[in-house]
Amino acid sequence: MPSVFTKIIAREIPAHVVYEDDLVIAFLDISQATKGHTLVVSKSEVENVYGLSDELAGHLFRVAARLARAIQKAFSPAGLNVLNNNGAVAGQTVFHFHLHLLPRYEDDDVTLAFVNHMDDTGQEDYKERANLIKAALS
Ligand code: AMP
């Protein structure tokens with residue numbers, strides 16, 4: 001389904017494009033959650049991670065790694081998150097596959113926190129969850 005990113009790809013709306021090839025485009029996230037925050041976007045209208053072909057997934061991550069190195073060189077962040085949201089409940093707001101490259105600085109105001117549920121997860125739970133994923137792979 002066409003999205004705001006489709007319009008950027010078609011140059012119908014402006015963006016600060018930093019990289020482009022046949023399969024992907026990368027441009028600055030308009031929010032600039034931190035300095036250099038960049039999106040790596042599939043040119044095809046794939047909504048989320050579930051729809052990526054092996055070829056496209058591999059290419060997106062190759063480009064992301066290359067851009068992460070460029071961001072590291074350009075801004076010398078203290079760290080960098082590679083993030084991808086799938087589904088509204090996971091924080092996805094644009095339903096067109098993209099990776100966030102989010103450079104991190106010591107004094108930034110990003111909040112990303114996972115609660116550790118290790119204490120409420122039994123060995124049987126781990127085994128069952130791992131087995132369900134392994135079974136679904138085959
Ligand atoms: P997500 O919430 O993971 O779907 O991320 C969507 C991202 O797209 C947000 O961080 C937005 O700031 C960003 N965004 C939305 N519209 C534009 C735009 N026109 N140009 C650049 N980034 C955009």
# chains A, B, ... in the order shown; residues from 1 in each chain; ligands from 1

call {"tool": "closest_atom_pairs", "arguments": {"of": "chain A", "to": "ligand 1", "cutoff": "10 Å", "atoms": "only C-alpha atoms and all ligand atoms", "output": "CSV"}}
result
residue,atom,partner,partner_atom_place_in_ligand_line,distance
A:Ser3,CA,ligand 1,16 (N),9.2
A:Val4,CA,ligand 1,19 (N),6.1
A:Phe5,CA,ligand 1,19 (N),7.0
A:Thr6,CA,ligand 1,19 (N),10.0
A:Lys7,CA,ligand 1,19 (N),8.5
A:Ile8,CA,ligand 1,19 (N),7.1
A:Ile13,CA,ligand 1,19 (N),7.2
A:Pro14,CA,ligand 1,19 (N),7.3
A:Ala15,CA,ligand 1,20 (N),5.6
A:His16,CA,ligand 1,21 (C),7.9
A:Val17,CA,ligand 1,21 (C),9.4
A:Ala26,CA,ligand 1,21 (C),9.6
A:Phe27,CA,ligand 1,21 (C),6.8
A:Leu28,CA,ligand 1,21 (C),5.9
A:Asp29,CA,ligand 1,22 (N),3.8
A:Ile30,CA,ligand 1,21 (C),3.9
A:Ser31,CA,ligand 1,12 (O),4.3
A:Gln32,CA,ligand 1,12 (O),7.3
A:Ala33,CA,ligand 1,10 (O),7.6
A:His37,CA,ligand 1,10 (O),8.6
A:Thr38,CA,ligand 1,22 (N),8.3
A:Leu39,CA,ligand 1,22 (N),7.3
A:Val41,CA,ligand 1,8 (O),9.9
A:Glu47,CA,ligand 1,4 (O),10.0
A:Asn48,CA,ligand 1,4 (O),9.6
A:Leu83,CA,ligand 1,3 (O),7.8
A:Asn84,CA,ligand 1,3 (O),6.0
A:Asn85,CA,ligand 1,3 (O),4.7
A:Asn86,CA,ligand 1,3 (O),7.5
A:Gly87,CA,ligand 1,4 (O),8.3
A:Ala88,CA,ligand 1,4 (O),8.1
A:Ala90,CA,ligand 1,3 (O),8.3
A:Gly91,CA,ligand 1,2 (O),5.2
A:Gln92,CA,ligand 1,4 (O),3.6
A:Thr93,CA,ligand 1,4 (O),3.7
A:Val94,CA,ligand 1,4 (O),3.9
A:Phe95,CA,ligand 1,4 (O),6.2
A:His96,CA,ligand 1,4 (O),7.6
A:Phe97,CA,ligand 1,4 (O),8.0
A:His98,CA,ligand 1,3 (O),7.1
A:Leu99,CA,ligand 1,3 (O),7.5
A:His100,CA,ligand 1,3 (O),7.1
A:Leu102,CA,ligand 1,10 (O),9.9

call {"tool": "select_by_dssp", "arguments": {"residues": "range 9-120 of chain A", "states": "strand (DSSP E or B)", "output": "number ranges by chain"}}
result
A: 17-20, 24-28, 38-42, 79-83, 98-104

call {"tool": "closest_residue", "arguments": {"among": "A:Arg69, A:Arg62, A:Gly79, A:Ala74", "to": "Glu106 in chain A", "atoms": "only C-alpha atoms"}}
result
A:Gly79

call {"tool": "atom_distance", "arguments": {"atom1": "CA of Leu56 in chain A", "atom2": "CA of Ser44 in chain A"}}
result
9.4 Å

call {"tool": "closest_residue", "arguments": {"among": "A:Ile25, A:Ala78, A:Ala68, A:Ala57", "to": "Asp107 in chain A", "atoms": "only C-alpha atoms"}}
result
A:Ala78

call {"tool": "atom_distance", "arguments": {"atom1": "CA of Pro103 in chain A", "atom2": "CA of Asn81 in chain A"}}
result
6.4 Å

call {"tool": "decode", "arguments": {"residues": "range 68-116 of chain A", "atoms": "N, CA and C atoms", "output": "mmCIF file, in the first residue's frame"}}
result
data_model
loop_
_atom_site.group_PDB
_atom_site.id
_atom_site.type_symbol
_atom_site.label_atom_id
_atom_site.label_comp_id
_atom_site.auth_asym_id
_atom_site.auth_seq_id
_atom_site.Cartn_x
_atom_site.Cartn_y
_atom_site.Cartn_z
ATOM 1 N N ALA A 68 25.561 2.633 8.927
ATOM 2 C CA ALA A 68 25.924 2.752 10.353
ATOM 3 C C ALA A 68 27.395 3.168 10.460
ATOM 4 N N ARG A 69 28.238 2.573 9.620
ATOM 5 C CA ARG A 69 29.659 2.957 9.649
ATOM 6 C C ARG A 69 29.830 4.413 9.226
ATOM 7 N N ALA A 70 29.048 4.841 8.240
ATOM 8 C CA ALA A 70 29.147 6.236 7.782
ATOM 9 C C ALA A 70 28.690 7.200 8.885
ATOM 10 N N ILE A 71 27.621 6.829 9.582
ATOM 11 C CA ILE A 71 27.107 7.676 10.674
ATOM 12 C C ILE A 71 28.129 7.736 11.803
ATOM 13 N N GLN A 72 28.729 6.583 12.085
ATOM 14 C CA GLN A 72 29.770 6.531 13.124
ATOM 15 C C GLN A 72 30.915 7.488 12.774
ATOM 16 N N LYS A 73 31.280 7.457 11.482
ATOM 17 C CA LYS A 73 32.385 8.309 11.025
ATOM 18 C C LYS A 73 31.977 9.788 11.053
ATOM 19 N N ALA A 74 30.742 10.053 10.657
ATOM 20 C CA ALA A 74 30.298 11.446 10.514
ATOM 21 C C ALA A 74 30.071 12.136 11.860
ATOM 22 N N PHE A 75 29.495 11.400 12.839
ATOM 23 C CA PHE A 75 29.051 12.066 14.077
ATOM 24 C C PHE A 75 29.718 11.552 15.347
ATOM 25 N N SER A 76 30.500 10.483 15.215
ATOM 26 C CA SER A 76 31.144 9.860 16.396
ATOM 27 C C SER A 76 30.183 9.662 17.574
ATOM 28 N N PRO A 77 29.018 9.026 17.323
ATOM 29 C CA PRO A 77 28.113 8.768 18.451
ATOM 30 C C PRO A 77 28.771 7.780 19.417
ATOM 31 N N ALA A 78 28.236 7.759 20.654
ATOM 32 C CA ALA A 78 28.772 6.817 21.653
ATOM 33 C C ALA A 78 28.241 5.404 21.397
ATOM 34 N N GLY A 79 27.114 5.309 20.664
ATOM 35 C CA GLY A 79 26.515 4.017 20.331
ATOM 36 C C GLY A 79 25.513 4.211 19.207
ATOM 37 N N LEU A 80 24.856 3.133 18.802
ATOM 38 C CA LEU A 80 23.858 3.249 17.723
ATOM 39 C C LEU A 80 22.886 2.082 17.838
ATOM 40 N N ASN A 81 21.596 2.371 17.829
ATOM 41 C CA ASN A 81 20.577 1.310 17.793
ATOM 42 C C ASN A 81 20.116 1.091 16.358
ATOM 43 N N VAL A 82 19.988 -0.171 15.973
ATOM 44 C CA VAL A 82 19.308 -0.531 14.718
ATOM 45 C C VAL A 82 17.948 -1.062 15.156
ATOM 46 N N LEU A 83 16.895 -0.378 14.744
ATOM 47 C CA LEU A 83 15.548 -0.706 15.236
ATOM 48 C C LEU A 83 14.578 -0.897 14.076
ATOM 49 N N ASN A 84 13.589 -1.741 14.313
ATOM 50 C CA ASN A 84 12.538 -1.939 13.316
ATOM 51 C C ASN A 84 11.247 -2.268 14.047
ATOM 52 N N ASN A 85 10.200 -1.515 13.781
ATOM 53 C CA ASN A 85 8.906 -1.726 14.425
ATOM 54 C C ASN A 85 7.950 -2.394 13.443
ATOM 55 N N ASN A 86 7.259 -3.436 13.906
ATOM 56 C CA ASN A 86 6.293 -4.142 13.061
ATOM 57 C C ASN A 86 4.949 -4.207 13.768
ATOM 58 N N GLY A 87 3.974 -3.479 13.239
ATOM 59 C CA GLY A 87 2.652 -3.445 13.864
ATOM 60 C C GLY A 87 2.525 -2.246 14.787
ATOM 61 N N ALA A 88 1.314 -1.706 14.853
ATOM 62 C CA ALA A 88 1.075 -0.507 15.671
ATOM 63 C C ALA A 88 1.460 -0.740 17.124
ATOM 64 N N VAL A 89 1.170 -1.941 17.646
ATOM 65 C CA VAL A 89 1.461 -2.222 19.052
ATOM 66 C C VAL A 89 2.973 -2.197 19.311
ATOM 67 N N ALA A 90 3.741 -2.436 18.259
ATOM 68 C CA ALA A 90 5.208 -2.398 18.378
ATOM 69 C C ALA A 90 5.757 -1.009 18.069
ATOM 70 N N GLY A 91 4.875 -0.067 17.799
ATOM 71 C CA GLY A 91 5.327 1.307 17.562
ATOM 72 C C GLY A 91 5.425 1.696 16.104
ATOM 73 N N GLN A 92 4.978 0.814 15.191
ATOM 74 C CA GLN A 92 5.058 1.164 13.767
ATOM 75 C C GLN A 92 4.004 2.217 13.436
ATOM 76 N N THR A 93 4.429 3.273 12.784
ATOM 77 C CA THR A 93 3.492 4.335 12.391
ATOM 78 C C THR A 93 3.439 4.494 10.874
ATOM 79 N N VAL A 94 4.495 4.080 10.193
ATOM 80 C CA VAL A 94 4.487 4.092 8.727
ATOM 81 C C VAL A 94 4.578 2.633 8.280
ATOM 82 N N PHE A 95 3.542 2.184 7.566
ATOM 83 C CA PHE A 95 3.432 0.753 7.269
ATOM 84 C C PHE A 95 4.090 0.427 5.930
ATOM 85 N N HIS A 96 5.383 0.678 5.915
ATOM 86 C CA HIS A 96 6.244 0.471 4.742
ATOM 87 C C HIS A 96 7.602 0.143 5.364
ATOM 88 N N PHE A 97 8.137 -1.033 5.083
ATOM 89 C CA PHE A 97 9.275 -1.536 5.866
ATOM 90 C C PHE A 97 10.446 -0.555 5.921
ATOM 91 N N HIS A 98 10.965 -0.378 7.130
ATOM 92 C CA HIS A 98 12.137 0.481 7.323
ATOM 93 C C HIS A 98 12.905 0.079 8.567
ATOM 94 N N LEU A 99 14.192 0.318 8.511
ATOM 95 C CA LEU A 99 15.069 0.167 9.668
ATOM 96 C C LEU A 99 15.438 1.560 10.136
ATOM 97 N N HIS A 100 15.416 1.740 11.447
ATOM 98 C CA HIS A 100 15.917 2.993 12.013
ATOM 99 C C HIS A 100 17.387 2.813 12.360
ATOM 100 N N LEU A 101 18.225 3.732 11.954
ATOM 101 C CA LEU A 101 19.606 3.815 12.458
ATOM 102 C C LEU A 101 19.602 5.000 13.404
ATOM 103 N N LEU A 102 19.714 4.694 14.693
ATOM 104 C CA LEU A 102 19.560 5.741 15.706
ATOM 105 C C LEU A 102 20.875 5.914 16.463
ATOM 106 N N PRO A 103 21.660 6.910 16.068
ATOM 107 C CA PRO A 103 22.905 7.143 16.793
ATOM 108 C C PRO A 103 22.606 7.535 18.229
ATOM 109 N N ARG A 104 23.422 7.075 19.160
ATOM 110 C CA ARG A 104 23.184 7.357 20.574
ATOM 111 C C ARG A 104 24.334 8.166 21.161
ATOM 112 N N TYR A 105 23.942 9.146 21.953
ATOM 113 C CA TYR A 105 24.895 10.060 22.577
ATOM 114 C C TYR A 105 24.704 10.001 24.089
ATOM 115 N N GLU A 106 25.764 10.250 24.804
ATOM 116 C CA GLU A 106 25.704 10.132 26.269
ATOM 117 C C GLU A 106 24.554 10.960 26.858
ATOM 118 N N ASP A 107 24.285 12.123 26.304
ATOM 119 C CA ASP A 107 23.280 13.013 26.899
ATOM 120 C C ASP A 107 21.963 13.018 26.114
ATOM 121 N N ASP A 108 21.700 11.951 25.311
ATOM 122 C CA ASP A 108 20.462 12.000 24.521
ATOM 123 C C ASP A 108 19.240 11.704 25.410
ATOM 124 N N ASP A 109 18.039 11.923 24.838
ATOM 125 C CA ASP A 109 16.816 11.742 25.635
ATOM 126 C C ASP A 109 15.976 10.565 25.135
ATOM 127 N N VAL A 110 16.631 9.592 24.520
ATOM 128 C CA VAL A 110 15.926 8.401 24.024
ATOM 129 C C VAL A 110 15.624 7.484 25.200
ATOM 130 N N THR A 111 14.399 6.922 25.215
ATOM 131 C CA THR A 111 14.080 5.935 26.262
ATOM 132 C C THR A 111 13.670 4.627 25.592
ATOM 133 N N LEU A 112 14.487 3.644 25.704
ATOM 134 C CA LEU A 112 14.185 2.302 25.191
ATOM 135 C C LEU A 112 14.468 1.350 26.342
ATOM 136 N N ALA A 113 13.422 0.806 26.947
ATOM 137 C CA ALA A 113 13.683 -0.049 28.116
ATOM 138 C C ALA A 113 12.916 -1.351 28.011
ATOM 139 N N PHE A 114 13.589 -2.468 28.215
ATOM 140 C CA PHE A 114 12.933 -3.770 28.296
ATOM 141 C C PHE A 114 12.897 -4.183 29.756
ATOM 142 N N VAL A 115 11.745 -4.715 30.185
ATOM 143 C CA VAL A 115 11.678 -5.272 31.545
ATOM 144 C C VAL A 115 12.179 -6.717 31.479
ATOM 145 N N ASN A 116 13.022 -7.117 32.409
ATOM 146 C CA ASN A 116 13.565 -8.479 32.444
ATOM 147 C C ASN A 116 12.570 -9.401 33.158
#
